[in-house]
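**Q** This is final00.cif (mmCIF, C-alpha atoms).
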data_input
#
loop_
_atom_site.label_atom_id
_atom_site.label_comp_id
_atom_site.auth_asym_id
_atom_site.auth_seq_id
_atom_site.Cartn_x
_atom_site.Cartn_y
_atom_site.Cartn_z
CA MET A 165 20.13 36.65 38.11
CA ALA A 166 16.86 38.07 36.92
CA SER A 167 16.02 41.34 38.63
CA ASN A 168 12.65 42.44 39.88
CA ASP A 169 12.57 44.94 37.05
CA ASP A 170 12.45 42.21 34.41
CA ILE A 171 9.00 41.87 32.88
CA ALA A 172 9.62 38.26 31.85
CA THR A 173 12.37 35.66 31.49
CA VAL A 174 13.43 33.50 28.54
CA TYR A 175 15.45 30.39 29.40
CA VAL A 176 17.51 29.13 26.47
CA CYS A 177 19.04 25.65 26.54
CA ILE A 178 22.70 25.96 25.60
CA THR A 179 23.26 22.21 25.32
CA CYS A 180 20.66 21.75 22.60
CA ARG A 181 21.40 20.55 19.12
CA ARG A 182 19.16 19.03 16.49
CA ALA A 183 19.06 15.24 16.66
CA ASP A 184 20.61 14.92 13.20
CA ASP A 185 23.29 17.59 13.73
CA PRO A 186 26.92 16.71 14.32
CA ASP A 187 28.18 17.33 17.85
CA VAL A 188 30.23 20.47 17.20
CA GLU A 189 30.82 23.61 19.25
CA PRO A 190 29.30 26.09 19.53
CA ARG A 191 26.04 24.20 19.81
CA PRO A 192 22.94 25.58 18.09
CA GLY A 193 21.41 26.17 21.50
CA ALA A 194 24.33 28.34 22.57
CA LEU A 195 24.06 30.34 19.35
CA LEU A 196 20.33 30.76 19.92
CA ALA A 197 21.07 31.99 23.44
CA ASP A 198 23.51 34.58 22.11
CA ALA A 199 20.99 35.77 19.51
CA THR A 200 18.25 35.94 22.14
CA VAL A 201 20.42 38.03 24.45
CA ARG A 202 20.97 40.45 21.57
CA ALA A 203 17.25 40.49 20.71
CA ALA A 204 16.39 41.22 24.34
CA HIS A 205 18.44 44.42 24.46
CA GLY A 206 16.29 47.19 25.89
CA SER A 207 13.17 45.01 26.04
CA GLY A 208 12.98 44.48 29.80
CA VAL A 209 13.10 40.71 29.20
CA ALA A 210 15.80 38.72 30.99
CA VAL A 211 17.55 35.89 29.16
CA ARG A 212 18.99 32.99 31.13
CA ARG A 213 21.24 30.27 29.73
CA VAL A 214 20.38 26.82 31.06
CA ARG A 215 22.00 23.44 30.63
CA CYS A 216 19.30 21.08 29.46
CA LEU A 217 15.57 21.62 29.43
CA ALA A 218 15.30 17.85 28.82
CA ASN A 219 13.69 18.37 25.44
CA CYS A 220 16.73 16.84 23.75
CA THR A 221 14.91 15.02 20.95
CA ARG A 222 13.19 18.18 19.80
CA GLY A 223 15.75 20.96 20.41
CA PRO A 224 16.90 23.66 20.22
CA SER A 225 14.68 24.58 23.15
CA ALA A 226 13.66 27.59 25.18
CA ALA A 227 11.14 28.35 27.91
CA VAL A 228 9.28 31.62 28.50
CA ARG A 229 7.74 32.81 31.75
CA ALA A 230 6.47 36.06 33.25
CA ASN A 231 5.43 36.79 36.81
CA GLY A 232 2.36 34.73 37.64
CA SER A 233 2.10 33.32 34.13
CA TRP A 234 2.12 29.81 32.73
CA SER A 235 5.57 28.63 31.60
CA TYR A 236 5.85 27.73 27.91
CA ILE A 237 8.46 25.38 26.48
CA PHE A 238 9.23 25.60 22.78
CA GLY A 239 11.33 23.28 20.63
CA GLY A 240 12.77 22.92 17.15
CA LEU A 241 13.85 26.54 17.25
CA ASP A 242 16.23 28.18 14.82
CA LEU A 243 18.08 31.48 15.10
CA ALA A 244 15.11 33.35 13.66
CA ALA A 245 13.20 32.39 16.81
CA ALA A 246 15.35 34.67 18.98
CA SER A 247 13.27 37.79 18.37
CA ALA A 248 10.08 35.72 18.49
CA LEU A 249 11.00 34.53 21.98
CA ILE A 250 11.44 38.11 23.16
CA ASP A 251 8.21 39.25 21.49
CA GLY A 252 6.39 36.28 23.00
CA ALA A 253 7.80 37.06 26.44
CA LYS A 254 6.55 40.65 26.18
CA LEU A 255 3.15 39.39 25.05
CA LEU A 256 3.01 37.01 28.02
CA ALA A 257 4.10 39.76 30.42
CA GLY A 258 1.12 41.83 29.29
CA ALA A 259 -1.44 39.02 29.62
CA ALA A 260 -3.54 39.58 32.74
CA ASP A 261 -4.61 35.91 32.84
CA GLY A 262 -1.04 34.59 32.56
CA ILE A 263 -1.79 32.85 29.25
CA MET A 264 0.06 33.68 26.04
CA PRO A 265 -2.64 34.82 23.61
CA TRP A 266 -2.85 33.35 20.13
CA ARG A 267 -3.55 36.70 18.55
CA GLY A 268 -0.26 38.47 18.15
CA ARG A 269 1.76 35.41 19.10
CA PRO A 270 4.84 35.29 16.86
CA GLU A 271 4.50 32.63 14.15
CA PRO A 272 7.56 30.63 15.32
CA LEU A 273 5.86 30.23 18.71
CA LYS A 274 2.62 28.94 17.20
CA ARG A 275 4.09 25.79 15.74
CA SER A 276 6.79 24.87 18.22
CA LEU A 277 5.06 24.52 21.58
CA ILE A 278 6.28 21.42 23.43
CA ALA A 279 4.39 21.81 26.70
CA ARG A 280 3.38 24.34 29.33
CA VAL A 281 3.15 24.39 33.12
CA PRO A 282 0.68 26.42 35.19
CA PRO A 283 1.84 29.13 37.58
CA LEU A 284 2.23 28.58 41.29
CA GLY A 285 -1.13 29.03 42.97
CA PHE A 286 -3.02 27.73 39.94
CA ALA A 287 -6.54 26.57 40.80
CA ASP A 288 -8.20 23.55 39.20
CA HIS A 289 -9.40 23.94 35.58
CA PRO A 290 -10.09 27.69 35.54
CA GLY A 291 -13.01 29.25 33.76
CA GLN A 292 -11.07 31.28 31.24
CA ASP A 293 -10.70 28.44 28.79
CA SER A 294 -12.48 30.33 26.03
CA LEU A 295 -9.51 32.69 25.99
CA ASP A 296 -6.98 29.89 26.28
CA PRO A 297 -5.69 28.86 22.86
CA GLU A 298 -4.17 25.63 24.18
CA ALA A 299 -7.34 24.46 25.96
CA LYS A 300 -9.86 24.58 23.15
CA GLU A 301 -10.33 20.89 22.79
CA LEU A 302 -13.13 20.60 25.31
CA GLU A 303 -15.03 23.68 24.20
CA MET B 415 -5.88 25.72 45.75
CA ALA B 416 -2.63 24.34 47.02
CA SER B 417 -1.96 25.27 50.62
CA ASN B 418 1.33 26.33 52.12
CA ASP B 419 1.42 23.01 53.89
CA ASP B 420 1.76 21.09 50.65
CA ILE B 421 5.27 19.79 50.12
CA ALA B 422 4.83 19.61 46.33
CA THR B 423 2.18 19.78 43.62
CA VAL B 424 1.31 17.39 40.79
CA TYR B 425 -0.63 18.90 37.88
CA VAL B 426 -2.52 16.29 35.88
CA CYS B 427 -3.94 17.12 32.45
CA ILE B 428 -7.57 16.01 32.37
CA THR B 429 -7.98 16.62 28.64
CA CYS B 430 -5.25 14.16 27.67
CA ARG B 431 -5.83 11.06 25.67
CA ARG B 432 -3.44 8.91 23.66
CA ALA B 433 -3.21 9.97 20.04
CA ASP B 434 -4.62 6.65 18.85
CA ASP B 435 -7.40 6.46 21.45
CA PRO B 436 -11.02 7.11 20.57
CA ASP B 437 -12.44 10.35 21.94
CA VAL B 438 -14.56 8.89 24.74
CA GLU B 439 -15.32 10.12 28.25
CA PRO B 440 -13.89 9.88 30.79
CA ARG B 441 -10.60 10.69 29.16
CA PRO B 442 -7.47 8.81 30.22
CA GLY B 443 -6.10 12.04 31.66
CA ALA B 444 -9.15 12.45 33.90
CA LEU B 445 -8.80 8.85 35.10
CA LEU B 446 -5.11 9.44 35.80
CA ALA B 447 -6.04 12.54 37.79
CA ASP B 448 -8.51 10.55 39.89
CA ALA B 449 -5.93 7.85 40.54
CA THR B 450 -3.29 10.44 41.44
CA VAL B 451 -5.64 12.11 43.93
CA ARG B 452 -6.14 8.71 45.56
CA ALA B 453 -2.40 8.00 45.56
CA ALA B 454 -1.72 11.39 47.17
CA HIS B 455 -3.87 10.69 50.21
CA GLY B 456 -1.87 11.48 53.34
CA SER B 457 1.31 12.27 51.39
CA GLY B 458 1.32 16.04 51.76
CA VAL B 459 1.38 16.34 47.96
CA ALA B 460 -1.33 18.47 46.33
CA VAL B 461 -2.91 17.29 43.07
CA ARG B 462 -4.34 19.85 40.65
CA ARG B 463 -6.43 19.05 37.60
CA VAL B 464 -5.51 21.18 34.59
CA ARG B 465 -6.98 21.50 31.15
CA CYS B 466 -4.17 21.03 28.71
CA LEU B 467 -0.47 21.00 29.39
CA ALA B 468 -0.05 21.32 25.58
CA ASN B 469 1.70 17.97 25.36
CA CYS B 470 -1.22 16.59 23.36
CA THR B 471 0.75 14.37 20.99
CA ARG B 472 2.43 12.54 23.87
CA GLY B 473 -0.23 12.39 26.57
CA PRO B 474 -1.47 11.55 29.10
CA SER B 475 0.59 14.23 30.80
CA ALA B 476 1.42 15.52 34.25
CA ALA B 477 3.80 18.08 35.74
CA VAL B 478 5.53 17.94 39.13
CA ARG B 479 6.88 20.86 41.12
CA ALA B 480 7.98 21.59 44.67
CA ASN B 481 8.86 24.91 46.27
CA GLY B 482 11.95 26.31 44.58
CA SER B 483 12.40 23.24 42.40
CA TRP B 484 12.56 22.72 38.67
CA SER B 485 9.20 21.77 37.11
CA TYR B 486 9.11 18.40 35.36
CA ILE B 487 6.63 17.48 32.62
CA PHE B 488 6.01 13.82 31.94
CA GLY B 489 4.09 12.22 29.08
CA GLY B 490 2.80 8.89 27.85
CA LEU B 491 1.60 8.08 31.36
CA ASP B 492 -0.73 5.24 32.27
CA LEU B 493 -2.69 4.66 35.47
CA ALA B 494 0.26 2.92 37.07
CA ALA B 495 2.07 6.27 36.95
CA ALA B 496 -0.24 7.76 39.59
CA SER B 497 1.74 6.51 42.56
CA ALA B 498 5.01 7.21 40.71
CA LEU B 499 3.98 10.86 40.33
CA ILE B 500 3.38 11.14 44.07
CA ASP B 501 6.62 9.36 44.92
CA GLY B 502 8.48 11.59 42.46
CA ALA B 503 6.91 14.69 43.98
CA LYS B 504 8.03 13.63 47.45
CA LEU B 505 11.54 12.96 46.11
CA LEU B 506 11.64 16.41 44.52
CA ALA B 507 10.36 18.05 47.69
CA GLY B 508 13.30 16.55 49.56
CA ALA B 509 15.94 17.63 47.03
CA ALA B 510 17.88 20.60 48.40
CA ASP B 511 19.06 21.60 44.90
CA GLY B 512 15.57 21.52 43.38
CA ILE B 513 16.50 18.75 40.96
CA MET B 514 14.76 15.36 40.93
CA PRO B 515 17.51 12.83 41.60
CA TRP B 516 17.91 9.80 39.36
CA ARG B 517 18.57 7.49 42.27
CA GLY B 518 15.24 6.60 43.76
CA ARG B 519 13.29 8.16 40.90
CA PRO B 520 10.32 5.91 40.14
CA GLU B 521 10.86 3.92 36.94
CA PRO B 522 7.82 5.42 35.14
CA LEU B 523 9.38 8.87 35.62
CA LYS B 524 12.74 7.82 34.16
CA ARG B 525 11.43 7.10 30.67
CA SER B 526 8.67 9.65 30.26
CA LEU B 527 10.26 13.05 30.78
CA ILE B 528 9.07 15.53 28.16
CA ALA B 529 10.80 18.70 29.38
CA ARG B 530 11.63 20.66 32.49
CA VAL B 531 11.71 24.34 33.44
CA PRO B 532 14.00 25.96 36.00
CA PRO B 533 12.65 27.60 39.14
CA LEU B 534 12.14 31.32 39.47
CA GLY B 535 15.40 32.95 40.46
CA PHE B 536 17.45 30.39 38.54
CA ALA B 537 20.97 31.63 37.73
CA ASP B 538 22.79 30.81 34.51
CA HIS B 539 24.15 27.26 34.09
CA PRO B 540 24.67 26.36 37.75
CA GLY B 541 27.58 24.34 38.99
CA GLN B 542 25.66 21.37 40.30
CA ASP B 543 25.53 19.60 36.95
CA SER B 544 27.36 16.58 38.23
CA LEU B 545 24.33 15.86 40.38
CA ASP B 546 21.89 16.74 37.61
CA PRO B 547 20.80 13.60 35.75
CA GLU B 548 19.32 15.59 32.87
CA ALA B 549 22.44 17.72 32.28
CA LYS B 550 25.09 15.04 31.85
CA GLU B 551 25.70 15.58 28.18
CA LEU B 552 28.41 18.20 28.62
CA GLU B 553 30.23 16.46 31.47
#
What do you get writing this file as structure tokens?
**A**
Amino acid sequence: MASNDDIATVYVCITCRRADDPDVEPRPGALLADATVRAAHGSGVAVRRVRCLANCTRGPSAAVRANGSWSYIFGGLDLAAASALIDGAKLLAGAADGIMPWRGRPEPLKRSLIARVPPLGFADHPGQDSLDPEAKELE
Amino acid sequence: MASNDDIATVYVCITCRRADDPDVEPRPGALLADATVRAAHGSGVAVRRVRCLANCTRGPSAAVRANGSWSYIFGGLDLAAASALIDGAKLLAGAADGIMPWRGRPEPLKRSLIARVPPLGFADHPGQDSLDPEAKELE
């Protein structure tokens, strides 16, 4: 379980494989989970293994969340994304508005966003859109 | 804001349009939000309008969450999905394991799942997979 001391949590799908990959064990998602656990060492970020984030056509997949933040789901990840997930989780943990900033966001997390979900207690269309890299379209 | 009396929350992206739609107002996502608010009347389900769930290539989009449940993100929704989102939210609110069951799930929510995120406090790969319609692959 995540402890209250964790600054953020990364959920890695261990059932994920790329659509064109053969179905062999260990799955790419499980290998990504192992690499992410190693990358998290000493970071304060918890890593949880999950079975299926339902992003099966665009895996390997992981989700990142901090207390009170939006949740971000990324797809098409490779092993090099492990450290990016931890760096992104730390970035999100330090964001007062709960939004992962574009500046400083690891490159693998700029091109692999699948979707995001607002935090509990989210109010309708907040005013901080100018600082929200994923909500620029209506600016 | 959602109140503590709400049994579940549906987040509807008001910036969403289909990739091949012209950029006209009101956007399909905003119309879906309006329809979902109407469908929610008297249901106990809160509806929140959000700007961008970052599922832009597969909109219109909405997310569904209940207390302690997984969060589900759906895409490619049309106006007929409004009542399905409310029915799905009620189904999720009644699921003791926090997982939206397949049986009884509205048809529009069976074919439009984009991804899902576990609840806070989620432990590694839980044992309830046999009841988890999105985690069947390893059975």
**Q** Can you work out which residues from chain A touch chain B at a cut-off of 7 Å (counting all atoms listed in the file) and hand them back as a tab-separated table (two decimals) with C-alpha atoms, keeping the file's coordinate frame?
**A**
chain	number	residue	atom	x	y	z
A	165	MET	CA	20.13	36.65	38.11
A	166	ALA	CA	16.86	38.07	36.92
A	212	ARG	CA	18.99	32.99	31.13
A	213	ARG	CA	21.24	30.27	29.73
A	214	VAL	CA	20.38	26.82	31.06
A	215	ARG	CA	22.00	23.44	30.63
A	216	CYS	CA	19.30	21.08	29.46
A	217	LEU	CA	15.57	21.62	29.43
A	218	ALA	CA	15.30	17.85	28.82
A	219	ASN	CA	13.69	18.37	25.44
A	227	ALA	CA	11.14	28.35	27.91
A	278	ILE	CA	6.28	21.42	23.43
A	279	ALA	CA	4.39	21.81	26.70
A	280	ARG	CA	3.38	24.34	29.33
A	281	VAL	CA	3.15	24.39	33.12
A	285	GLY	CA	-1.13	29.03	42.97
A	286	PHE	CA	-3.02	27.73	39.94
A	287	ALA	CA	-6.54	26.57	40.80
A	288	ASP	CA	-8.20	23.55	39.20
A	289	HIS	CA	-9.40	23.94	35.58
A	298	GLU	CA	-4.17	25.63	24.18
A	299	ALA	CA	-7.34	24.46	25.96
**Q** Find the spatial neighbours of A:Lys254, counting only C-alpha atoms, within a cut-off of 9 Å - ignore same-chain residues fewer than 5 positions away - and output them as a ChimeraX atom specification.
**A** /A:171-172,207-209,230,249,259
**Q** Under the PyMOL selection byres ((chain A and resi 247) around 12), which residues of this model are included? Write them out as JSON, numbers by chain.
**A** {"A": [174, 196, 197, 198, 199, 200, 201, 202, 203, 204, 205, 207, 209, 211, 241, 242, 243, 244, 245, 246, 248, 249, 250, 251, 252, 253, 254, 269, 270, 271, 272, 273]}
**Q** Got a sec to resolve the PyMOL selection byres ((chain A and resi 182) around 7) on this structure and send the residues as a list of chain:residue names?
**A**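 After applying the PyMOL selection byres ((chain A and resi 182) around 7), what remains is A:Cys180, A:Arg181, A:Ala183, A:Asp184, A:Asp185, A:Arg222, A:Gly223, A:Pro224.
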**Q** Have a look at atom CA of A:Gly258 and atom CA of A:Gly206 and let me know their distance in Å, one decimal.
**A** 16.4 Å
**Q** Please determine the residues with any atom at most 6 Å from (8.3, 22.4, 16.8) (coordinates as given in the file, with all atoms listed in the file counting) and report them as a list of chain:residue names.
**A** A:Gly239, A:Gly240, A:Arg275, A:Ser276
**Q** Would you work out the distance separating atom CA of B:Gly482 from atom CA of B:Arg517, expressed in Å to one decimal?
**A**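 A separation of 20.1 Å between them.
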